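Novice: Contents of run11.cif (mmCIF, C-alpha atoms and all ligand atoms) are given next:
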data_entry
loop_
_atom_site.group_PDB
_atom_site.id
_atom_site.type_symbol
_atom_site.label_atom_id
_atom_site.label_comp_id
_atom_site.auth_asym_id
_atom_site.auth_seq_id
_atom_site.Cartn_x
_atom_site.Cartn_y
_atom_site.Cartn_z
ATOM 1 C CA MET A 1 -34.360 -10.923 57.199
ATOM 2 C CA SER A 2 -36.115 -13.724 55.407
ATOM 3 C CA ARG A 3 -34.280 -15.470 52.610
ATOM 4 C CA LEU A 4 -35.176 -14.316 49.105
ATOM 5 C CA ILE A 5 -37.253 -16.915 47.280
ATOM 6 C CA LEU A 6 -36.201 -16.739 43.653
ATOM 7 C CA PRO A 7 -38.875 -16.785 40.969
ATOM 8 C CA PRO A 8 -39.147 -19.780 38.647
ATOM 9 C CA LEU A 9 -38.180 -18.439 35.211
ATOM 10 C CA GLY A 10 -39.076 -19.548 31.710
ATOM 11 C CA ALA A 11 -40.665 -18.567 28.444
ATOM 12 C CA HIS A 12 -43.655 -18.967 26.227
ATOM 13 C CA VAL A 13 -42.839 -21.945 23.991
ATOM 14 C CA SER A 14 -44.361 -23.341 20.820
ATOM 15 C CA VAL A 15 -46.718 -26.325 20.706
ATOM 16 C CA ALA A 16 -45.803 -27.094 17.081
ATOM 17 C CA GLY A 17 -46.082 -30.861 16.738
ATOM 18 C CA GLY A 18 -48.562 -31.073 19.628
ATOM 19 C CA VAL A 19 -48.790 -29.914 23.230
ATOM 20 C CA ALA A 20 -46.603 -32.806 24.423
ATOM 21 C CA ALA A 21 -43.638 -31.250 22.571
ATOM 22 C CA ALA A 22 -43.717 -28.106 24.741
ATOM 23 C CA PRO A 23 -41.992 -29.312 27.950
ATOM 24 C CA ASP A 24 -38.948 -30.482 25.947
ATOM 25 C CA ARG A 25 -38.680 -27.034 24.391
ATOM 26 C CA GLY A 26 -38.685 -25.659 27.938
ATOM 27 C CA ARG A 27 -35.867 -28.044 28.863
ATOM 28 C CA ARG A 28 -33.832 -26.959 25.819
ATOM 29 C CA ILE A 29 -33.827 -23.341 27.016
ATOM 30 C CA GLY A 30 -33.161 -24.233 30.654
ATOM 31 C CA ALA A 31 -36.568 -23.033 31.851
ATOM 32 C CA ASP A 32 -38.160 -23.880 35.190
ATOM 33 C CA VAL A 33 -41.611 -23.025 33.853
ATOM 34 C CA ILE A 34 -43.288 -22.461 30.489
ATOM 35 C CA GLN A 35 -46.419 -20.892 29.042
ATOM 36 C CA ILE A 36 -48.160 -22.291 25.951
ATOM 37 C CA PHE A 37 -51.050 -21.738 23.592
ATOM 38 C CA SER A 38 -53.247 -24.804 23.839
ATOM 39 C CA LYS A 39 -54.028 -24.658 20.094
ATOM 40 C CA PRO A 40 -53.234 -22.418 17.090
ATOM 41 C CA GLN A 41 -53.698 -18.988 18.634
ATOM 42 C CA THR A 42 -55.397 -17.396 15.651
ATOM 43 C CA ARG A 43 -58.286 -19.873 15.606
ATOM 44 C CA TRP A 44 -61.537 -19.750 17.552
ATOM 45 C CA MET A 45 -61.620 -23.461 18.230
ATOM 46 C CA GLY A 46 -58.837 -25.996 17.871
ATOM 47 C CA LYS A 47 -59.103 -29.694 17.190
ATOM 48 C CA ALA A 48 -60.456 -31.393 20.298
ATOM 49 C CA LEU A 49 -57.724 -32.303 22.768
ATOM 50 C CA GLU A 50 -57.488 -36.095 23.030
ATOM 51 C CA GLU A 51 -56.860 -37.668 26.423
ATOM 52 C CA ALA A 52 -53.864 -39.519 24.879
ATOM 53 C CA ASP A 53 -52.251 -36.153 23.955
ATOM 54 C CA ALA A 54 -53.003 -34.736 27.390
ATOM 55 C CA ALA A 55 -51.438 -37.818 29.007
ATOM 56 C CA ALA A 56 -48.351 -37.505 26.774
ATOM 57 C CA PHE A 57 -48.087 -33.865 27.835
ATOM 58 C CA ARG A 58 -48.317 -34.725 31.533
ATOM 59 C CA ASP A 59 -45.679 -37.452 31.067
ATOM 60 C CA ALA A 60 -43.360 -35.018 29.255
ATOM 61 C CA SER A 61 -43.774 -32.528 32.106
ATOM 62 C CA ALA A 62 -42.945 -35.177 34.699
ATOM 63 C CA ARG A 63 -39.942 -36.437 32.688
ATOM 64 C CA THR A 64 -38.457 -32.985 32.059
ATOM 65 C CA GLY A 65 -39.415 -31.409 35.376
ATOM 66 C CA ILE A 66 -40.731 -28.424 33.429
ATOM 67 C CA ARG A 67 -43.958 -27.066 34.857
ATOM 68 C CA THR A 68 -46.424 -25.485 32.455
ATOM 69 C CA VAL A 69 -47.800 -22.698 34.561
ATOM 70 C CA ALA A 70 -50.081 -21.084 32.046
ATOM 71 C CA ILE A 71 -52.071 -21.368 28.875
ATOM 72 C CA HIS A 72 -52.373 -18.051 27.075
ATOM 73 C CA CYS A 73 -55.871 -17.761 25.617
ATOM 74 C CA ALA A 74 -56.354 -17.141 21.893
ATOM 75 C CA TYR A 75 -56.107 -13.459 20.942
ATOM 76 C CA LEU A 76 -59.458 -13.583 19.128
ATOM 77 C CA ILE A 77 -61.373 -13.824 22.381
ATOM 78 C CA ASN A 78 -62.974 -10.460 23.177
ATOM 79 C CA LEU A 79 -65.461 -10.484 26.028
ATOM 80 C CA GLY A 80 -65.772 -6.688 25.711
ATOM 81 C CA SER A 81 -66.973 -6.632 22.110
ATOM 82 C CA SER A 82 -70.090 -4.634 21.289
ATOM 83 C CA LYS A 83 -71.165 -7.500 19.003
ATOM 84 C CA GLU A 84 -73.136 -10.112 20.841
ATOM 85 C CA ALA A 85 -72.080 -12.819 18.364
ATOM 86 C CA VAL A 86 -68.399 -12.115 19.134
ATOM 87 C CA ARG A 87 -69.051 -12.228 22.885
ATOM 88 C CA THR A 88 -70.869 -15.536 22.548
ATOM 89 C CA ARG A 89 -68.076 -17.083 20.451
ATOM 90 C CA SER A 90 -65.582 -15.685 22.957
ATOM 91 C CA LEU A 91 -67.355 -17.354 25.855
ATOM 92 C CA TYR A 92 -67.385 -20.719 24.074
ATOM 93 C CA ALA A 93 -63.706 -20.308 23.230
ATOM 94 C CA LEU A 94 -62.908 -19.442 26.853
ATOM 95 C CA GLU A 95 -64.802 -22.525 28.004
ATOM 96 C CA ASP A 96 -62.731 -24.608 25.570
ATOM 97 C CA GLU A 97 -59.479 -23.087 26.898
ATOM 98 C CA ALA A 98 -60.553 -23.772 30.489
ATOM 99 C CA ALA A 99 -61.382 -27.387 29.671
ATOM 100 C CA ARG A 100 -57.965 -27.825 28.022
ATOM 101 C CA ALA A 101 -56.217 -26.315 31.050
ATOM 102 C CA ALA A 102 -58.044 -28.773 33.315
ATOM 103 C CA MET A 103 -57.127 -31.749 31.087
ATOM 104 C CA LEU A 104 -53.482 -30.691 30.958
ATOM 105 C CA GLY A 105 -53.280 -29.913 34.671
ATOM 106 C CA VAL A 106 -52.275 -26.284 33.947
ATOM 107 C CA PRO A 107 -53.195 -23.956 36.828
ATOM 108 C CA TYR A 108 -53.419 -20.596 35.055
ATOM 109 C CA LEU A 109 -55.306 -19.344 32.047
ATOM 110 C CA VAL A 110 -54.085 -15.918 30.883
ATOM 111 C CA LEU A 111 -56.632 -13.700 29.167
ATOM 112 C CA HIS A 112 -56.563 -10.184 27.723
ATOM 113 C CA PRO A 113 -59.732 -8.774 29.293
ATOM 114 C CA GLY A 114 -61.059 -7.401 26.000
ATOM 115 C CA SER A 115 -61.579 -4.213 24.068
ATOM 116 C CA CYS A 116 -64.529 -1.848 24.170
ATOM 117 C CA GLY A 117 -63.870 -0.631 20.616
ATOM 118 C CA GLU A 118 -65.400 2.800 20.094
ATOM 119 C CA ASP A 119 -67.750 2.445 23.071
ATOM 120 C CA PRO A 120 -67.199 4.092 26.461
ATOM 121 C CA GLU A 121 -64.906 2.185 28.787
ATOM 122 C CA GLU A 122 -67.743 1.568 31.289
ATOM 123 C CA GLU A 123 -69.705 -0.389 28.700
ATOM 124 C CA GLY A 124 -66.724 -2.593 27.895
ATOM 125 C CA ILE A 125 -66.085 -3.261 31.576
ATOM 126 C CA ALA A 126 -69.738 -4.105 32.151
ATOM 127 C CA ARG A 127 -69.767 -6.517 29.194
ATOM 128 C CA ILE A 128 -66.564 -8.301 30.261
ATOM 129 C CA ALA A 129 -67.797 -8.560 33.852
ATOM 130 C CA SER A 130 -71.161 -9.890 32.766
ATOM 131 C CA ALA A 131 -69.441 -12.498 30.557
ATOM 132 C CA LEU A 132 -67.279 -13.619 33.488
ATOM 133 C CA ARG A 133 -70.337 -13.845 35.740
ATOM 134 C CA SER A 134 -72.217 -15.903 33.178
ATOM 135 C CA PHE A 135 -69.165 -18.163 32.772
ATOM 136 C CA GLY A 136 -69.463 -19.129 36.426
ATOM 137 C CA ARG A 137 -66.750 -21.172 38.115
ATOM 138 C CA PHE A 138 -63.581 -22.311 36.364
ATOM 139 C CA PRO A 139 -62.706 -26.005 36.573
ATOM 140 C CA GLU A 140 -61.150 -27.151 39.834
ATOM 141 C CA GLY A 141 -57.501 -26.097 39.982
ATOM 142 C CA VAL A 142 -57.761 -23.533 37.155
ATOM 143 C CA THR A 143 -57.512 -19.789 37.838
ATOM 144 C CA LEU A 144 -58.193 -17.143 35.217
ATOM 145 C CA LEU A 145 -55.508 -14.456 35.134
ATOM 146 C CA LEU A 146 -56.552 -11.134 33.630
ATOM 147 C CA GLU A 147 -53.483 -9.653 31.931
ATOM 148 C CA ASN A 148 -52.804 -5.927 32.020
ATOM 149 C CA THR A 149 -52.656 -4.468 28.511
ATOM 150 C CA ALA A 150 -50.781 -1.749 26.632
ATOM 151 C CA GLY A 151 -54.116 -0.106 25.902
ATOM 152 C CA GLN A 152 -53.759 -0.673 22.172
ATOM 153 C CA GLY A 153 -57.085 -0.473 20.311
ATOM 154 C CA ASN A 154 -58.912 0.556 23.489
ATOM 155 C CA SER A 155 -58.082 -2.723 25.145
ATOM 156 C CA LEU A 156 -59.166 -2.674 28.780
ATOM 157 C CA GLY A 157 -56.970 -3.560 31.741
ATOM 158 C CA ARG A 158 -54.502 -0.773 30.936
ATOM 159 C CA THR A 159 -54.419 0.634 34.470
ATOM 160 C CA MET A 160 -54.589 -0.856 37.952
ATOM 161 C CA GLU A 161 -57.846 1.013 38.418
ATOM 162 C CA GLN A 162 -59.392 -0.644 35.345
ATOM 163 C CA ILE A 163 -58.258 -4.056 36.557
ATOM 164 C CA ARG A 164 -59.879 -3.430 39.944
ATOM 165 C CA ARG A 165 -63.106 -2.248 38.306
ATOM 166 C CA LEU A 166 -63.180 -5.370 36.118
ATOM 167 C CA VAL A 167 -62.661 -7.696 39.076
ATOM 168 C CA ASP A 168 -65.251 -5.878 41.199
ATOM 169 C CA ALA A 169 -67.822 -5.788 38.406
ATOM 170 C CA ALA A 170 -67.322 -9.530 37.928
ATOM 171 C CA GLY A 171 -68.183 -9.967 41.616
ATOM 172 C CA GLY A 172 -64.615 -10.653 42.808
ATOM 173 C CA PRO A 173 -64.646 -14.356 41.934
ATOM 174 C CA PRO A 174 -62.069 -16.424 43.910
ATOM 175 C CA ASP A 175 -60.814 -18.056 40.689
ATOM 176 C CA VAL A 176 -59.959 -14.768 38.947
ATOM 177 C CA ALA A 177 -56.586 -13.082 39.566
ATOM 178 C CA VAL A 178 -53.968 -11.086 37.627
ATOM 179 C CA CYS A 179 -50.920 -11.562 35.387
ATOM 180 C CA LEU A 180 -48.720 -8.496 34.843
ATOM 181 C CA ASP A 181 -46.756 -7.878 31.647
ATOM 182 C CA SER A 182 -43.786 -5.503 32.021
ATOM 183 C CA ALA A 183 -43.913 -4.310 28.389
ATOM 184 C CA HIS A 184 -47.636 -3.608 28.630
ATOM 185 C CA LEU A 185 -47.156 -1.651 31.885
ATOM 186 C CA PHE A 186 -44.498 0.521 30.211
ATOM 187 C CA GLU A 187 -46.439 0.970 26.987
ATOM 188 C CA ALA A 188 -49.532 1.907 28.992
ATOM 189 C CA GLY A 189 -47.477 4.701 30.593
ATOM 190 C CA TYR A 190 -46.032 3.252 33.818
ATOM 191 C CA ASP A 191 -42.432 4.420 34.221
ATOM 192 C CA ILE A 192 -41.186 1.137 35.677
ATOM 193 C CA GLY A 193 -37.619 1.917 34.562
ATOM 194 C CA SER A 194 -37.272 4.600 37.265
ATOM 195 C CA GLY A 195 -37.394 4.133 41.021
ATOM 196 C CA ALA A 196 -40.094 6.777 41.411
ATOM 197 C CA GLY A 197 -42.204 5.253 38.629
ATOM 198 C CA TRP A 198 -41.915 1.793 40.151
ATOM 199 C CA ASP A 199 -42.896 3.090 43.608
ATOM 200 C CA GLY A 200 -45.840 4.864 41.996
ATOM 201 C CA LEU A 201 -46.993 1.647 40.369
ATOM 202 C CA LEU A 202 -46.718 -0.270 43.646
ATOM 203 C CA ALA A 203 -48.689 2.446 45.442
ATOM 204 C CA GLU A 204 -51.389 2.256 42.780
ATOM 205 C CA MET A 205 -51.458 -1.517 43.076
ATOM 206 C CA GLU A 206 -52.026 -1.177 46.801
ATOM 207 C CA THR A 207 -54.677 1.506 46.400
ATOM 208 C CA TYR A 208 -56.644 -0.699 44.025
ATOM 209 C CA ALA A 209 -55.832 -3.931 45.877
ATOM 210 C CA VAL A 210 -54.227 -5.470 42.802
ATOM 211 C CA LEU A 211 -50.907 -6.343 44.485
ATOM 212 C CA THR A 212 -52.299 -9.382 46.268
ATOM 213 C CA LEU A 213 -53.995 -10.608 43.081
ATOM 214 C CA VAL A 214 -50.767 -10.966 41.075
ATOM 215 C CA ARG A 215 -49.988 -14.648 40.389
ATOM 216 C CA MET A 216 -47.600 -14.417 37.437
ATOM 217 C CA TRP A 217 -45.417 -12.068 35.373
ATOM 218 C CA HIS A 218 -44.654 -11.775 31.670
ATOM 219 C CA LEU A 219 -41.147 -10.334 31.433
ATOM 220 C CA ASN A 220 -40.735 -8.463 28.157
ATOM 221 C CA ASP A 221 -38.816 -5.368 27.191
ATOM 222 C CA SER A 222 -40.613 -2.882 24.946
ATOM 223 C CA LYS A 223 -39.653 -1.811 21.457
ATOM 224 C CA THR A 224 -41.938 1.215 21.709
ATOM 225 C CA GLU A 225 -41.759 4.289 23.924
ATOM 226 C CA ARG A 226 -43.360 4.583 27.328
ATOM 227 C CA GLY A 227 -47.025 5.502 26.960
ATOM 228 C CA SER A 228 -47.075 4.560 23.250
ATOM 229 C CA ARG A 229 -50.000 2.177 23.803
ATOM 230 C CA VAL A 230 -48.407 0.137 21.024
ATOM 231 C CA ASP A 231 -47.641 -3.424 22.074
ATOM 232 C CA ARG A 232 -44.228 -4.559 20.744
ATOM 233 C CA HIS A 233 -42.236 -6.975 22.878
ATOM 234 C CA PHE A 234 -38.439 -6.957 22.671
ATOM 235 C CA HIS A 235 -35.365 -8.661 24.104
ATOM 236 C CA ILE A 236 -34.588 -7.968 27.775
ATOM 237 C CA GLY A 237 -32.230 -5.017 28.139
ATOM 238 C CA ARG A 238 -32.397 -4.149 24.435
ATOM 239 C CA GLY A 239 -35.679 -2.230 24.466
ATOM 240 C CA LYS A 240 -36.773 1.047 26.059
ATOM 241 C CA ILE A 241 -37.502 -0.142 29.601
ATOM 242 C CA GLY A 242 -34.018 -0.641 31.059
ATOM 243 C CA LEU A 243 -32.685 -3.511 33.155
ATOM 244 C CA ASP A 244 -33.464 -1.878 36.508
ATOM 245 C CA ALA A 245 -37.171 -2.562 36.052
ATOM 246 C CA PHE A 246 -36.511 -6.278 35.631
ATOM 247 C CA ARG A 247 -34.264 -6.386 38.692
ATOM 248 C CA ARG A 248 -37.049 -4.754 40.732
ATOM 249 C CA ILE A 249 -39.675 -7.218 39.514
ATOM 250 C CA LEU A 250 -37.430 -10.252 40.035
ATOM 251 C CA THR A 251 -36.504 -9.336 43.590
ATOM 252 C CA HIS A 252 -39.592 -7.610 45.024
ATOM 253 C CA GLU A 253 -40.937 -9.495 48.015
ATOM 254 C CA ALA A 254 -44.552 -9.152 46.871
ATOM 255 C CA PHE A 255 -43.700 -11.287 43.836
ATOM 256 C CA ARG A 256 -41.428 -13.805 45.512
ATOM 257 C CA GLY A 257 -41.695 -17.277 44.039
ATOM 258 C CA LEU A 258 -44.160 -16.237 41.315
ATOM 259 C CA PRO A 259 -43.606 -17.763 37.859
ATOM 260 C CA MET A 260 -42.160 -15.308 35.331
ATOM 261 C CA VAL A 261 -42.039 -16.039 31.613
ATOM 262 C CA LEU A 262 -40.560 -14.329 28.575
ATOM 263 C CA GLU A 263 -42.701 -13.540 25.539
ATOM 264 C CA THR A 264 -39.821 -12.022 23.591
ATOM 265 C CA PRO A 265 -39.186 -12.500 19.848
ATOM 266 C CA LYS A 266 -37.923 -15.762 18.364
ATOM 267 C CA ASP A 267 -37.165 -16.689 14.781
ATOM 268 C CA GLY A 268 -39.273 -19.841 14.791
ATOM 269 C CA ALA A 269 -40.774 -22.597 16.895
ATOM 270 C CA ASP A 270 -37.377 -24.173 17.489
ATOM 271 C CA ASP A 271 -35.275 -21.090 17.842
ATOM 272 C CA PHE A 272 -33.858 -21.536 21.331
ATOM 273 C CA GLU A 273 -30.933 -19.100 21.263
ATOM 274 C CA MET A 274 -33.009 -15.971 21.841
ATOM 275 C CA ASP A 275 -34.751 -17.385 24.909
ATOM 276 C CA ILE A 276 -31.492 -18.785 26.283
ATOM 277 C CA GLY A 277 -29.909 -15.327 25.973
ATOM 278 C CA ASN A 278 -32.841 -13.502 27.546
ATOM 279 C CA LEU A 279 -33.019 -15.964 30.445
ATOM 280 C CA ALA A 280 -29.287 -15.508 31.049
ATOM 281 C CA THR A 281 -29.807 -11.742 31.169
ATOM 282 C CA LEU A 282 -32.593 -12.145 33.737
ATOM 283 C CA ARG A 283 -30.611 -14.611 35.860
ATOM 284 C CA GLY A 284 -27.720 -12.157 35.830
ATOM 285 C CA LEU A 285 -29.971 -9.681 37.641
ATOM 286 C CA LEU A 286 -30.705 -12.058 40.514
ATOM 287 C CA PRO A 287 -28.713 -11.841 43.718
ATOM 288 C CA ARG A 288 -26.071 -14.540 44.025
ATOM 289 C CA ARG A 289 -27.285 -17.549 45.932
ATOM 290 C CA GLY A 290 -25.410 -18.254 49.178
ATOM 291 C CA LYS A 291 -23.669 -21.617 49.291
ATOM 292 C CA GLU A 292 -25.801 -23.320 51.916
ATOM 293 C CA GLU A 293 -25.994 -27.062 51.756
HETATM 294 ZN ZN ZN B 1 -50.863 -11.604 26.582
HETATM 295 ZN ZN ZN B 2 -47.963 -10.780 28.011
#
Once more with this new file: its structure as C-alpha cells, please.

Specialist:
Amino acid sequence: MSRLILPPLGAHVSVAGGVAAAPDRGRRIGADVIQIFSKPQTRWMGKALEEADAAAFRDASARTGIRTVAIHCAYLINLGSSKEAVRTRSLYALEDEAARAAMLGVPYLVLHPGSCGEDPEEEGIARIASALRSFGRFPEGVTLLLENTAGQGNSLGRTMEQIRRLVDAAGGPPDVAVCLDSAHLFEAGYDIGSGAGWDGLLAEMETYAVLTLVRMWHLNDSKTERGSRVDRHFHIGRGKIGLDAFRRILTHEAFRGLPMVLETPKDGADDFEMDIGNLATLRGLLPRRGKEE
C-alpha cells in the first residue's frame, strides 16, 4: 500500500496592514498554507498592487515557509448576473484578481461561479460560461477554481452536475478547476457526515468527472442543517456535519496532498486562537505518522 500523503493544512487569514502581513499570520497559527483576499473583499476594485508590496509578500512567504495557495475573489463578482453592467464589472474585477495572483505568485484563484437570480438555471450557466470564454486564458501559473456553493440565493455550482455543466459550457479550459467547501456541500444537501452520503458524493463526482478537477478544499463545519441552502460556517466538530466527514476528506486518496484551509469564524484579524484550535482538531483526525527517518 502506498504511503498516505498528508494534506497541507491552514486557514484563510487577514491581509489587514497589507498582503505582506498574511504569511506571518499563517506562521502564528502553525499553518502550512494560507488563503487570502487580495484586497478588501467588499470592494469592486482595490488600490493597485505595487510591485514593492508584492515583493514584500514573496519575501515574507520565503521567510516563513508559508505558502499562499489561493486568493479568494471578492464576493461582489457575479458572472451569472442578468444585468450586463454587473457582468462587465465582474469581468474587470476578475481580471484584476488574476493579475494580483500572478504578481504575488499565488497559483489558485477561488471564485463563486455566480447566481442566476430569478432566471432559469440554464441562463445563469450560459452567462457564466460565456464570461469565462470571453476572459480567455488566465496568467501563466494561475488556475481559476470554481467553488461549490450552498445554493443560497440561487447561486450556481450547488451540485456536481451544475459544476460539470459550467465547465463544459465554458469549453473545458485547462486553467479552470474546482475547490470544494465541506460546509457548502452539506448545506446544499450532501450528507457527507454519513458513510453512505459520502460514497454517494464520490459516485456523483465520478459520474460528472469532477473528482479529477478538485485542487483544493475549504474545511468548514456548518451552523445550519443539511440541505438548508444557508451558508454559515462554524468551528470543526461543533457544527452539524460531524467529525467523520473531515476524517474522510483528510484521508481520501483522491485528495492526497491537496491544500485544505479553514474559513471558520474568528473574532478579528489577529484572533489566532480559533484557527489554532480548529487546526488541532483536524490534525487529531489524521493517522499517526510512522517514525521513519
Ligand atoms: Zn468561498
Ligand atoms: Zn469556501

Novice: Expand the PyMOL selection byres (((chain A and resi 141) around 12) and not hetatm) into the explicit residue set it covers here, and present it as a PyMOL selection string.

Specialist: chain A and resi 69-70+98-99+101-109+137-140+142-144+174-176

Novice: Starting from the shown file, work through the PyMOL selection byres (((chain A and resi 251) around 10) and not hetatm) and note down what comes out as number ranges by chain.

Specialist: A: 4-7, 246-250, 252-257, 285-287

Novice: Residues contacting ligand ZN 2 (chain B) - anything with an atom at most 10 Å away, using all atoms listed in the file - can you give me those as number ranges by chain?

Specialist: A: 12, 72, 110-112, 147-150, 179-185, 217-220, 231, 233, 261-264

Novice: Could you jot down the atom CA of Val15 of chain A to atom CA of Leu213 of chain A separation for me, Å, one decimal place?

Specialist: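 That distance, rounded to one decimal, is 28.3 Å.
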
Novice: For atom CA of Pro120 of chain A and atom CA of Leu132 of chain A, quote the distance in Å rounded to one decimal.

Specialist: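 Atom CA of Pro120 of chain A sits 19.1 Å away from atom CA of Leu132 of chain A.
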
Novice: A:Ala93, A:Gly239, A:Ile36, A:Thr207: which is nearest ligand ZN 1 (chain B), counting only C-alpha atoms and all ligand atoms?

Specialist: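 Between A:Ala93, A:Gly239, A:Ile36, A:Thr207, the residue approaching ligand ZN 1 (chain B) most closely is A:Ile36.
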
Novice: Measuring between all atoms listed in the file, which one of A:Ser14, A:Ser82, A:Gln162, A:Ser38 shows the shortest distance to Glu123 of chain A?

Specialist: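 With all atoms listed in the file as the atom set, the closest residue is A:Ser82.
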
Novice: Determine the axis-aligned bounding box of all atoms of segment 5-24 of chain A present in the file, pad each side by 5 Å, and express its centre and edge lengths in Å to one decimal place as JSON.

Specialist:
{"center_x": -42.5, "center_y": -24.8, "center_z": 32.0, "size_x": 22.6, "size_y": 26.1, "size_z": 40.5}

Novice: For the structure shown, which residues end up in the PyMOL selection byres (((chain A and resi 127) around 12) and not hetatm)? Put them as a PyMOL selection string, please?

Specialist: chain A and resi 78-84+86-88+90-91+113-117+119-126+128-134+156+166+169-170

Novice: Looking at all atoms listed in the file, which of A:Ile77, A:Asn278, A:Glu273, A:Arg288 is the one that sits closest to ligand ZN 1 (chain B)?

Specialist: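 Selected residue with least distance to ligand ZN 1 (chain B): A:Ile77.
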
Novice: Pick the closest to ligand ZN 1 (chain B) from A:Ala188, A:Ile71, A:Leu49, A:Leu201: which is it, counting all atoms listed in the file?

Specialist: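 Nearest candidate to ligand ZN 1 (chain B) out of A:Ala188, A:Ile71, A:Leu49, A:Leu201: A:Ile71.
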
Novice: Could you work out how far atom CA of Arg25 of chain A lies from atom CA of Ala11 of chain A, giving the answer in Å with one decimal?

Specialist: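 Interatomic distance here is 9.6 Å.
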
Novice: Taking 3 positions as the minimum chain separation for residues in the same chain, which residues sit within 9 Å of Trp44 of chain A when counting only C-alpha atoms? Answer as a list of chain:residue names.

Specialist: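 Contacts, with the query itself left out: A:Pro40, A:Gln41, A:Ala74, A:Tyr75, A:Leu76, A:Ile77, A:Arg89, A:Ser90, A:Tyr92, A:Ala93.
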
Novice: I need the residue nearest ligand ZN 1 (chain B) from this list: A:Arg232, A:Arg63, A:Lys240, A:Arg164. Use only C-alpha atoms and all ligand atoms for the distance.

Specialist: A:Arg232

Novice: Calculated over all atoms listed in the file, which of the candidates A:Gly189, A:Gly268, A:Gly172, A:Gly157 has the smallest distance to ligand ZN 1 (chain B)?

Specialist: A:Gly157

Novice: Neighbouring residues of Val230 of chain A were defined as those with any atom within 8 Å, considering only C-alpha atoms; residues of the same chain fewer than 2 positions away were excluded. Please report them as a PyMOL selection string.

Specialist: chain A and resi 150-152+187+224+228+232

Novice: Report as a PDB file with C-alpha atoms, in the frame of the given file all protein, DNA and RNA residues lying within 12 Å of Glu204 of chain A, evaluated on only C-alpha atoms, omitting residues in the same chain fewer than 3 positions from it.

Specialist:
ATOM      1  CA  THR A 159     -54.419   0.634  34.470  1.00  0.00           C
ATOM      2  CA  MET A 160     -54.589  -0.856  37.952  1.00  0.00           C
ATOM      3  CA  GLU A 161     -57.846   1.013  38.418  1.00  0.00           C
ATOM      4  CA  GLN A 162     -59.392  -0.644  35.345  1.00  0.00           C
ATOM      5  CA  ILE A 163     -58.258  -4.056  36.557  1.00  0.00           C
ATOM      6  CA  ARG A 164     -59.879  -3.430  39.944  1.00  0.00           C
ATOM      7  CA  TYR A 190     -46.032   3.252  33.818  1.00  0.00           C
ATOM      8  CA  GLY A 197     -42.204   5.253  38.629  1.00  0.00           C
ATOM      9  CA  TRP A 198     -41.915   1.793  40.151  1.00  0.00           C
ATOM     10  CA  ASP A 199     -42.896   3.090  43.608  1.00  0.00           C
ATOM     11  CA  GLY A 200     -45.840   4.864  41.996  1.00  0.00           C
ATOM     12  CA  LEU A 201     -46.993   1.647  40.369  1.00  0.00           C
ATOM     13  CA  THR A 207     -54.677   1.506  46.400  1.00  0.00           C
ATOM     14  CA  TYR A 208     -56.644  -0.699  44.025  1.00  0.00           C
ATOM     15  CA  ALA A 209     -55.832  -3.931  45.877  1.00  0.00           C
ATOM     16  CA  VAL A 210     -54.227  -5.470  42.802  1.00  0.00           C
ATOM     17  CA  LEU A 211     -50.907  -6.343  44.485  1.00  0.00           C
TER      18      LEU A 211
END

Novice: Tell me which protein, DNA and RNA residues are within 12 Å of Asp24 of chain A, counting all atoms listed in the file, leaving out same-chain ones fewer than 2 positions away, and put them as a PyMOL selection string.

Specialist: chain A and resi 13-22+26-34+56-68+270+272
